[in-house]
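Have a look at the structure below, then the notes.
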Amino acid sequence: MRTVDRALDIMELLAKTGKPMTQVEICQALNMPKSSVHDLMHTLLERDFITYDNEQFKTFKLALHVFEIGMTVIENRNMVAVARPYLVELHKNVRETVFLAVENRNNIVYVDCAEERGVMGGYINLGGTRPMYCSGLG
């Protein structure tokens with residue numbers, strides 16, 4: 001169980017920092033032994049959960065496989081497909097950016113967006129999270 005926790009901690013760290021990290025940086029941030037992190041990183045690399053951002057400098061980032069798995073949650077709910085026409089229609093009527101989000105552990109997770117092309121504004125990454133109290137959607 002501890003191994004799974006540690007592997008998930010590595011993936012969550014890479015997601016939260018949003019920047020490539022070296023194995024040493026990961027060890028320091030998570031206060032884990034280098035040998036444990038090395039073995040976990042090797043497994044995560046083999047399973048395509050992480051990838052090299054720069055192989056020469058040995059920096060790592062989350063791999064697209066994480067996105068693929070995450071998207072199955074949304075696709076299995078069929079939420080985006082059902083909500084999309086309403087999102088687009090609302091956007092046309094109010095001429096403002098319109099978001100679709102779901103609640104997860106007192107946070108909102110952005111799952112879709114309808115916005116004007118080329119409009120500068122508050123950019124939200126799909127899949128990004130915010131505390132509920134920090135958003136109009138919350």
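Residues in the structure tokens are named by chain (A, B, ... in the order shown) and by number from 1 within that chain; ligands are numbered from 1 in the order shown.
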Practice item. For Cys113 (chain A), list every protein, DNA or RNA residue within 9 Å, evaluated using only C-alpha atoms, and leave out those in the same chain fewer than 2 positions away; present the list as a list of chain:residue names. Key: A:Arg84, A:Leu87, A:Val88, A:Thr97, A:Val98, A:Phe99, A:Leu100, A:Ala101, A:Tyr110, A:Val111, A:Glu115, A:Ile124, A:Leu126
Can I get the selection written as a JSON list (two decimals), in the first residue's frame, with all heavy atoms?
[["chain", "number", "residue", "atom", "x", "y", "z"],
["A", 84, "ARG", "N", -22.55, 19.74, -24.06],
["A", 84, "ARG", "CA", -21.89, 20.60, -25.05],
["A", 84, "ARG", "C", -22.86, 21.50, -25.84],
["A", 84, "ARG", "O", -22.60, 22.70, -25.95],
["A", 84, "ARG", "CB", -21.05, 19.74, -26.00],
["A", 84, "ARG", "CG", -20.24, 20.55, -26.98],
["A", 84, "ARG", "CD", -19.10, 21.23, -26.27],
["A", 84, "ARG", "NE", -18.39, 22.08, -27.21],
["A", 84, "ARG", "CZ", -17.63, 23.07, -26.87],
["A", 84, "ARG", "NH1", -17.42, 23.34, -25.62],
["A", 84, "ARG", "NH2", -17.04, 23.81, -27.77],
["A", 87, "LEU", "N", -23.93, 24.33, -23.62],
["A", 87, "LEU", "CA", -22.80, 25.21, -23.34],
["A", 87, "LEU", "C", -22.59, 26.18, -24.50],
["A", 87, "LEU", "O", -22.45, 27.39, -24.30],
["A", 87, "LEU", "CB", -21.54, 24.34, -23.14],
["A", 87, "LEU", "CG", -20.41, 24.84, -22.30],
["A", 87, "LEU", "CD1", -20.84, 25.04, -20.86],
["A", 87, "LEU", "CD2", -19.24, 23.86, -22.37],
["A", 88, "VAL", "N", -22.62, 25.66, -25.71],
["A", 88, "VAL", "CA", -22.44, 26.49, -26.91],
["A", 88, "VAL", "C", -23.59, 27.48, -27.05],
["A", 88, "VAL", "O", -23.37, 28.66, -27.34],
["A", 88, "VAL", "CB", -22.29, 25.60, -28.17],
["A", 88, "VAL", "CG1", -22.33, 26.43, -29.43],
["A", 88, "VAL", "CG2", -20.99, 24.80, -28.09],
["A", 97, "THR", "N", -17.45, 33.73, -21.93],
["A", 97, "THR", "CA", -16.91, 32.39, -21.78],
["A", 97, "THR", "C", -17.79, 31.62, -20.81],
["A", 97, "THR", "O", -18.18, 32.14, -19.77],
["A", 97, "THR", "CB", -15.47, 32.44, -21.27],
["A", 97, "THR", "OG1", -14.69, 33.19, -22.21],
["A", 97, "THR", "CG2", -14.88, 31.05, -21.11],
["A", 98, "VAL", "N", -18.09, 30.38, -21.17],
["A", 98, "VAL", "CA", -18.96, 29.53, -20.36],
["A", 98, "VAL", "C", -18.20, 28.23, -20.06],
["A", 98, "VAL", "O", -17.65, 27.61, -20.96],
["A", 98, "VAL", "CB", -20.28, 29.21, -21.11],
["A", 98, "VAL", "CG1", -21.17, 28.32, -20.27],
["A", 98, "VAL", "CG2", -20.99, 30.49, -21.49],
["A", 99, "PHE", "N", -18.19, 27.85, -18.79],
["A", 99, "PHE", "CA", -17.48, 26.64, -18.36],
["A", 99, "PHE", "C", -18.44, 25.58, -17.87],
["A", 99, "PHE", "O", -19.51, 25.89, -17.34],
["A", 99, "PHE", "CB", -16.52, 26.95, -17.21],
["A", 99, "PHE", "CG", -15.37, 27.83, -17.60],
["A", 99, "PHE", "CD1", -15.39, 29.19, -17.28],
["A", 99, "PHE", "CD2", -14.28, 27.33, -18.26],
["A", 99, "PHE", "CE1", -14.34, 30.02, -17.63],
["A", 99, "PHE", "CE2", -13.22, 28.14, -18.62],
["A", 99, "PHE", "CZ", -13.25, 29.49, -18.30],
["A", 100, "LEU", "N", -18.03, 24.34, -18.03],
["A", 100, "LEU", "CA", -18.70, 23.20, -17.42],
["A", 100, "LEU", "C", -17.70, 22.61, -16.44],
["A", 100, "LEU", "O", -16.54, 22.36, -16.80],
["A", 100, "LEU", "CB", -19.09, 22.17, -18.48],
["A", 100, "LEU", "CG", -19.69, 20.86, -17.97],
["A", 100, "LEU", "CD1", -21.04, 21.13, -17.29],
["A", 100, "LEU", "CD2", -19.85, 19.87, -19.12],
["A", 101, "ALA", "N", -18.14, 22.40, -15.22],
["A", 101, "ALA", "CA", -17.26, 21.85, -14.19],
["A", 101, "ALA", "C", -18.05, 20.89, -13.32],
["A", 101, "ALA", "O", -19.28, 20.92, -13.28],
["A", 101, "ALA", "CB", -16.67, 22.98, -13.34],
["A", 110, "TYR", "N", -12.67, 21.67, -14.06],
["A", 110, "TYR", "CA", -13.17, 22.16, -15.34],
["A", 110, "TYR", "C", -13.10, 21.04, -16.38],
["A", 110, "TYR", "O", -12.04, 20.47, -16.60],
["A", 110, "TYR", "CB", -12.34, 23.35, -15.82],
["A", 110, "TYR", "CG", -12.51, 24.56, -14.93],
["A", 110, "TYR", "CD1", -11.64, 24.81, -13.88],
["A", 110, "TYR", "CD2", -13.56, 25.45, -15.14],
["A", 110, "TYR", "CE1", -11.80, 25.91, -13.06],
["A", 110, "TYR", "CE2", -13.73, 26.56, -14.33],
["A", 110, "TYR", "CZ", -12.85, 26.78, -13.29],
["A", 110, "TYR", "OH", -13.02, 27.87, -12.48],
["A", 111, "VAL", "N", -14.25, 20.74, -17.01],
["A", 111, "VAL", "CA", -14.29, 19.65, -17.97],
["A", 111, "VAL", "C", -14.61, 20.09, -19.40],
["A", 111, "VAL", "O", -14.38, 19.35, -20.34],
["A", 111, "VAL", "CB", -15.27, 18.53, -17.54],
["A", 111, "VAL", "CG1", -14.81, 17.87, -16.25],
["A", 111, "VAL", "CG2", -16.68, 19.06, -17.39],
["A", 115, "GLU", "N", -15.85, 29.40, -25.63],
["A", 115, "GLU", "CA", -15.36, 30.78, -25.57],
["A", 115, "GLU", "C", -15.07, 31.31, -26.95],
["A", 115, "GLU", "O", -14.94, 30.57, -27.91],
["A", 115, "GLU", "CB", -14.12, 30.86, -24.69],
["A", 115, "GLU", "CG", -12.93, 30.07, -25.20],
["A", 115, "GLU", "CD", -11.75, 30.08, -24.26],
["A", 115, "GLU", "OE1", -11.62, 31.04, -23.49],
["A", 115, "GLU", "OE2", -10.97, 29.13, -24.29],
["A", 124, "ILE", "N", -8.37, 29.00, -18.24],
["A", 124, "ILE", "CA", -8.49, 27.84, -17.37],
["A", 124, "ILE", "C", -8.13, 26.60, -18.17],
["A", 124, "ILE", "O", -8.64, 26.40, -19.27],
["A", 124, "ILE", "CB", -9.93, 27.70, -16.83],
["A", 124, "ILE", "CG1", -10.37, 28.94, -16.06],
["A", 124, "ILE", "CG2", -10.09, 26.45, -16.00],
["A", 124, "ILE", "CD1", -9.64, 29.18, -14.78],
["A", 126, "LEU", "N", -8.53, 22.85, -19.05],
["A", 126, "LEU", "CA", -9.48, 21.77, -18.83],
["A", 126, "LEU", "C", -8.78, 20.70, -18.00],
["A", 126, "LEU", "O", -7.63, 20.37, -18.24],
["A", 126, "LEU", "CB", -9.98, 21.21, -20.16],
["A", 126, "LEU", "CG", -10.78, 22.18, -21.01],
["A", 126, "LEU", "CD1", -11.30, 21.48, -22.26],
["A", 126, "LEU", "CD2", -11.93, 22.80, -20.25]]
Practice item. Find the residue from A:Ser135, A:Thr72, A:Thr22, A:Asn78 that sits nearest to Ile50 (chain A); use only C-alpha atoms when measuring. Key: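 Closest residue, counting only C-alpha atoms: A:Thr22.
When only C-alpha atoms are used to compute distances to Gly18 (chain A), the closest of the residues A:Pro85, A:Gly70, A:Gly128, A:Pro33 turns out to be A:Gly128.
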Exercise for review: Please give the complete set of residues from region 61-111 of chain A that DSSP, run on the backbone, assigns to strand (DSSP E or B), formatted as a VMD selection string.
Suggested key: chain A and resid 61 to 62 98 to 104 107 to 111
Practice item. From the DSSP assignment of the backbone, select every residue of region 41-134 of chain A that is alpha helix (DSSP H), and format the answer as a ChimeraX atom specification. Key: /A:41-46,64-77,79-94
Point to revise | Residue with smallest distance to Ser36 (chain A) - pool A:Lys58, A:His65, A:Arg6, A:Lys16, counting only C-alpha atoms | key: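 Smallest distance to Ser36 (chain A) is found for A:Arg6.
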Practice item. Find the residues near Thr3 (chain A): any atom within 9 Å, counting only C-alpha atoms, skip ones fewer than 4 places away on the same chain, and give them as a PyMOL selection string. Key: chain A and resi 7-8+36+40
Atoms to include: N, CA, C and O atoms. Write the selected residues as a PDB file, in the first residue's frame.
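File written: part.pdb
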ATOM      1  N   ALA A   7       3.900   6.281  -5.311  1.00  0.00           N
ATOM      2  CA  ALA A   7       3.798   6.480  -6.770  1.00  0.00           C
ATOM      3  C   ALA A   7       2.769   7.569  -7.071  1.00  0.00           C
ATOM      4  O   ALA A   7       2.998   8.442  -7.913  1.00  0.00           O
ATOM      5  N   LEU A   8       1.640   7.529  -6.377  1.00  0.00           N
ATOM      6  CA  LEU A   8       0.622   8.559  -6.583  1.00  0.00           C
ATOM      7  C   LEU A   8       1.106   9.923  -6.110  1.00  0.00           C
ATOM      8  O   LEU A   8       0.796  10.948  -6.731  1.00  0.00           O
ATOM      9  N   SER A  36      14.018   4.489  -3.320  1.00  0.00           N
ATOM     10  CA  SER A  36      12.572   4.255  -3.497  1.00  0.00           C
ATOM     11  C   SER A  36      12.049   5.016  -4.705  1.00  0.00           C
ATOM     12  O   SER A  36      11.307   4.470  -5.520  1.00  0.00           O
ATOM     13  N   LEU A  40      10.347   3.587  -8.272  1.00  0.00           N
ATOM     14  CA  LEU A  40       9.006   4.034  -8.652  1.00  0.00           C
ATOM     15  C   LEU A  40       9.020   4.755  -9.996  1.00  0.00           C
ATOM     16  O   LEU A  40       8.138   4.537 -10.837  1.00  0.00           O
TER      17      LEU A  40
END
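Note that the spacing between CA of Arg2 (chain A) and CA of Gly127 (chain A) amounts to 26.6 Å.
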Check your understanding: Which residues come within 10 Å of Val66 (chain A), counting only C-alpha atoms, excluding same-chain residues fewer than 4 positions away, as a VMD selection string?
Key -> chain A and resid 11 48 to 50 62 70 to 71
Exercise for review: Please indicate the distance in Å from CA of Thr51 (chain A) to CA of Glu103 (chain A), rounded to one decimal place.
Suggested key: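 These two atoms are separated by 29.1 Å.
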Point to revise | Straight-line distance linking CA of Thr43 (chain A) with CA of Ile10 (chain A), stated in Å to one decimal | key: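 Separation of CA of Thr43 (chain A) and CA of Ile10 (chain A): 11.7 Å.
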